[in-house]
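Participant: Handing you a structure now.
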Amino acid sequence: ANLDVVTGGRLDDAALDDLTRRGMTSYARYWEEAFRLPALSRERVVAGSRMPGQEHLERARAEGRGVVLALPHSGNWDAAGVWLVDWLGGPFVTVAERLEPESLYRRFVEFREGLGMRVVPLTGGERPSSTVVREWLAGGGTACLLVDRDLSGAGIPVTFFGRRTTMPGGPALLAAQTGAALLPAVCQFDGAGWRFVVHPPVPVDGPGRLRDRVTAAMQQVADAFAATITEQPEDWHVLGRIWPEVGPEGRPAPLAVPEADRAEAG
């Protein structure tokens with residue numbers, strides 16, 4: 001159903017089934033690679049990676065700014081982390097959902113820390129995760145945050161692929177509070193390797209209320225995600241409900257086209 005939304009409801013049942021199979025194959029590839037990453041050399045991952053938009057990272061770093069990379073669950077974000085640790089010459093910080101049982105959560109933390117990342121828990125840490133990440137960014141560090149699933153249910157309203165949903169406002173809020181650059185980025189598979197598309201910085205400063213600026217920024221993040229996910233939708237790995245009206249009950253109803261848009265199209 002989610003892939004049906006991403007493709008605008010244009011696929012017939014057979015084509016949607018084919019895309020769904022390719023989507024599950026892509027998701028299985030993510031897990032296979034995740035299990036293999038600790039055994040793969042850093043050189044192998046770096047050599048097999050492309051980073052369109054790398055200049056946006058380089059510009060922020062040259063300016064001495066922190067960087068917030070906002071990502072969807074797409075492609076292999078752990079392989080992207082290996083590339084980024086190598087490029088930075090040190091760790092970045094990320095936030096992990098507190099899975100149950102605790103032993104599973106600890107294994108995921110150890111796995112990602114073994115790749116060179118610094119992991120802080122979303123909940124249950126010694127200090128709030130937002131405080132830790134804010135201090136890291138204020139010192140010129142880099143943070144990577146996956147934001148296409150709103151685990152709190154209290155996120156920022158956005159339009160994503162034409163339908164209303166919510167996304168955590170943390171990336172935009174942290175960038176506004178610390179002066180960090182906010183860069184949407186989407187990971188994809190690229191043959192036997194990986195592609196990490198970095199979009200231009202999203203503005204978070206300027207006049208107006210902070211909440212309004214955060215809302216506008218997260219809408220631009222959602223738009224950037226959609227633009228790249230559309231190119232290779234099978235690599236987007238969100239299998240649960242993120243739009244209230246879209247779920248396993250069947251193909252969602254098509255969106256109504258406003259009268260003005262229909263007249264313009266005609």
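Following the order of the structure tokens, chains are lettered A, B, ..., residues in each are numbered from 1, and ligands are numbered from 1.
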Excluding Gly53 (chain A) and its own-chain neighbours fewer than 4 positions away, which residues fall within 8 Å of it when counting only C-alpha atoms? Please give them as a VMD selection string.

Facilitator: chain A and resid 57 197 to 200

Participant: What's around Gly139 (chain A) at 12 Å? Count only C-alpha atoms, leave out sequence neighbours fewer than 6 positions away in its own chain, and write the answer as number ranges by chain.

Facilitator: A: 61, 64-67, 92, 132-133, 178-180

Participant: May I have all residues of region 50-237 of chain A that DSSP, computed from the backbone, assigns to alpha helix (DSSP H), given as a ChimeraX atom specification?

Facilitator: /A:54-62,77-88,102-114,129-138,170-178,210-229

Participant: May I ask which of the residues A:Pro128, A:Trp77, A:Gly140, A:Asp17 is the closest one to Glu63 (chain A), counting only C-alpha atoms?

Facilitator: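 So, comparing all the options, the nearest one is A:Gly140.
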
Participant: List as a PyMOL selection string the protein and nucleic acid residues near Ile229 (chain A), meaning an atom at most 10 Å away when only C-alpha atoms are counted, but skip any in the same chain fewer than 3 places from it.

Facilitator: chain A and resi 6-7+72+74-75+161+186-188+223-226+232-236

Participant: How about saving the chosen residues, all heavy atoms kept, as a CSV table (one decimal), in the first residue's frame?

Facilitator:
chain,number,residue,atom,x,y,z
A,6,VAL,N,3.5,5.8,-3.2
A,6,VAL,CA,4.8,6.4,-3.7
A,6,VAL,C,4.7,6.5,-5.3
A,6,VAL,O,5.3,7.4,-5.9
A,6,VAL,CB,6.0,5.6,-3.3
A,6,VAL,CG1,7.3,6.0,-4.0
A,6,VAL,CG2,6.2,5.7,-1.8
A,7,THR,N,4.1,5.5,-5.9
A,7,THR,CA,4.0,5.5,-7.4
A,7,THR,C,2.8,6.2,-7.9
A,7,THR,O,2.4,6.1,-9.1
A,7,THR,CB,4.1,4.1,-7.9
A,7,THR,OG1,3.1,3.3,-7.2
A,7,THR,CG2,5.5,3.5,-7.6
A,72,PRO,N,15.6,9.0,5.3
A,72,PRO,CA,14.5,8.0,5.4
A,72,PRO,C,15.2,6.6,5.6
A,72,PRO,O,16.3,6.4,5.4
A,72,PRO,CB,13.8,8.2,4.1
A,72,PRO,CG,14.9,8.5,3.1
A,72,PRO,CD,15.9,9.3,3.9
A,74,SER,N,16.0,3.9,3.8
A,74,SER,CA,16.1,3.6,2.4
A,74,SER,C,17.5,3.1,2.1
A,74,SER,O,18.5,3.6,2.7
A,74,SER,CB,15.8,4.9,1.6
A,74,SER,OG,16.0,4.6,0.2
A,75,GLY,N,17.6,2.1,1.2
A,75,GLY,CA,18.9,1.6,0.9
A,75,GLY,C,19.6,1.0,2.1
A,75,GLY,O,19.0,0.3,2.9
A,161,PHE,N,4.3,12.6,-0.4
A,161,PHE,CA,3.7,12.0,-1.5
A,161,PHE,C,2.2,12.3,-1.6
A,161,PHE,O,1.4,11.5,-1.9
A,161,PHE,CB,3.9,10.5,-1.4
A,161,PHE,CG,5.3,10.0,-1.7
A,161,PHE,CD1,6.2,9.6,-0.7
A,161,PHE,CD2,5.8,10.0,-3.0
A,161,PHE,CE1,7.5,9.3,-0.9
A,161,PHE,CE2,7.1,9.6,-3.3
A,161,PHE,CZ,8.0,9.3,-2.2
A,186,VAL,N,19.3,10.6,1.1
A,186,VAL,CA,18.6,9.4,0.8
A,186,VAL,C,19.6,8.3,0.3
A,186,VAL,O,20.4,8.6,-0.6
A,186,VAL,CB,17.5,9.6,-0.3
A,186,VAL,CG1,16.7,8.3,-0.5
A,186,VAL,CG2,16.5,10.7,0.1
A,187,CYS,N,19.6,7.2,1.0
A,187,CYS,CA,20.5,6.1,0.6
A,187,CYS,C,19.8,5.2,-0.4
A,187,CYS,O,18.6,4.9,-0.2
A,187,CYS,CB,20.9,5.3,1.8
A,187,CYS,SG,21.6,6.3,3.2
A,188,GLN,N,20.5,4.7,-1.4
A,188,GLN,CA,19.9,3.7,-2.4
A,188,GLN,C,21.0,2.7,-2.7
A,188,GLN,O,22.2,2.9,-2.5
A,188,GLN,CB,19.6,4.5,-3.6
A,188,GLN,CG,18.5,5.5,-3.5
A,188,GLN,CD,18.3,6.4,-4.7
A,188,GLN,OE1,19.2,6.8,-5.3
A,188,GLN,NE2,17.0,6.6,-5.1
A,223,ASP,N,9.8,16.8,1.1
A,223,ASP,CA,9.8,17.0,-0.4
A,223,ASP,C,11.1,16.4,-1.0
A,223,ASP,O,11.1,15.8,-2.1
A,223,ASP,CB,9.7,18.4,-0.8
A,223,ASP,CG,8.3,19.0,-0.4
A,223,ASP,OD1,7.4,18.2,-0.2
A,223,ASP,OD2,8.2,20.2,-0.3
A,224,ALA,N,12.3,16.6,-0.4
A,224,ALA,CA,13.5,16.1,-0.9
A,224,ALA,C,13.5,14.6,-0.8
A,224,ALA,O,14.0,13.9,-1.8
A,224,ALA,CB,14.7,16.6,0.0
A,225,PHE,N,13.0,14.0,0.3
A,225,PHE,CA,12.9,12.5,0.3
A,225,PHE,C,12.1,12.0,-0.9
A,225,PHE,O,12.5,11.1,-1.5
A,225,PHE,CB,12.2,12.1,1.6
A,225,PHE,CG,13.0,12.2,2.9
A,225,PHE,CD1,12.4,12.0,4.1
A,225,PHE,CD2,14.4,12.6,2.9
A,225,PHE,CE1,13.1,12.1,5.3
A,225,PHE,CE2,15.1,12.7,4.0
A,225,PHE,CZ,14.5,12.4,5.2
A,226,ALA,N,10.9,12.6,-1.1
A,226,ALA,CA,10.0,12.1,-2.1
A,226,ALA,C,10.6,12.2,-3.5
A,226,ALA,O,10.5,11.3,-4.3
A,226,ALA,CB,8.7,12.9,-2.1
A,232,GLN,N,13.7,5.4,-7.3
A,232,GLN,CA,14.0,4.0,-7.0
A,232,GLN,C,13.1,3.6,-5.8
A,232,GLN,O,13.7,3.3,-4.7
A,232,GLN,CB,15.5,3.9,-6.7
A,232,GLN,CG,16.1,2.6,-7.1
A,232,GLN,CD,17.6,2.7,-7.3
A,232,GLN,OE1,18.1,3.3,-8.2
A,232,GLN,NE2,18.4,2.0,-6.4
A,233,PRO,N,11.8,3.5,-6.0
A,233,PRO,CA,11.0,3.3,-4.8
A,233,PRO,C,11.2,1.9,-4.1
A,233,PRO,O,10.9,1.8,-2.9
A,233,PRO,CB,9.6,3.4,-5.4
A,233,PRO,CG,9.7,3.1,-6.9
A,233,PRO,CD,11.1,3.6,-7.2
A,234,GLU,N,11.7,0.9,-4.8
A,234,GLU,CA,11.9,-0.4,-4.2
A,234,GLU,C,12.9,-0.3,-3.0
A,234,GLU,O,12.9,-1.2,-2.2
A,234,GLU,CB,12.4,-1.4,-5.2
A,234,GLU,CG,13.7,-1.1,-5.8
A,234,GLU,CD,13.6,-0.4,-7.1
A,234,GLU,OE1,12.6,0.4,-7.3
A,234,GLU,OE2,14.5,-0.5,-8.0
A,235,ASP,N,13.7,0.7,-3.0
A,235,ASP,CA,14.8,0.8,-1.9
A,235,ASP,C,14.2,1.6,-0.7
A,235,ASP,O,15.0,1.7,0.3
A,235,ASP,CB,16.0,1.6,-2.4
A,235,ASP,CG,16.8,0.7,-3.4
A,235,ASP,OD1,16.6,-0.5,-3.4
A,235,ASP,OD2,17.7,1.2,-4.1
A,236,TRP,N,13.0,2.0,-0.7
A,236,TRP,CA,12.4,2.6,0.5
A,236,TRP,C,11.8,1.5,1.4
A,236,TRP,O,10.9,0.8,1.0
A,236,TRP,CB,11.3,3.7,0.1
A,236,TRP,CG,10.8,4.4,1.2
A,236,TRP,CD1,11.5,5.1,2.2
A,236,TRP,CD2,9.4,4.6,1.5
A,236,TRP,NE1,10.6,5.7,3.1
A,236,TRP,CE2,9.3,5.4,2.7
A,236,TRP,CE3,8.2,4.2,0.9
A,236,TRP,CZ2,8.1,5.8,3.3
A,236,TRP,CZ3,7.0,4.6,1.5
A,236,TRP,CH2,7.0,5.4,2.6

Participant: From the set A:Pro248, A:Leu173, A:Val109, A:His73, which residue has the shortest atom-to-atom contact distance to Leu210 (chain A), counting only C-alpha atoms?

Facilitator: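 Of A:Pro248, A:Leu173, A:Val109, A:His73, the one nearest Leu210 (chain A) is A:Leu173, counting only C-alpha atoms.
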
Participant: Using only C-alpha atoms, can you tell me which of A:Gly170, A:Gly208, A:Asp86, A:Val68 comes closest to Thr142 (chain A)?

Facilitator: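 Comparing A:Gly170, A:Gly208, A:Asp86, A:Val68 against Thr142 (chain A), the winner is A:Val68.
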
Participant: Identify, with DSSP run on backbone atoms, the residues in region 18-243 of chain A assigned to strand (DSSP E), and express the list as a PyMOL selection string.

Facilitator: chain A and resi 49-50+67-71+93-96+118-121+142-146+156-160+163-167+181-190+193-198

Participant: Looking at only C-alpha atoms, which of A:Ala96, A:Leu122, A:Ala175, A:Met117 is the one that sits closest to Ala138 (chain A)?

Facilitator: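 Selected residue with least distance to Ala138 (chain A): A:Ala175.
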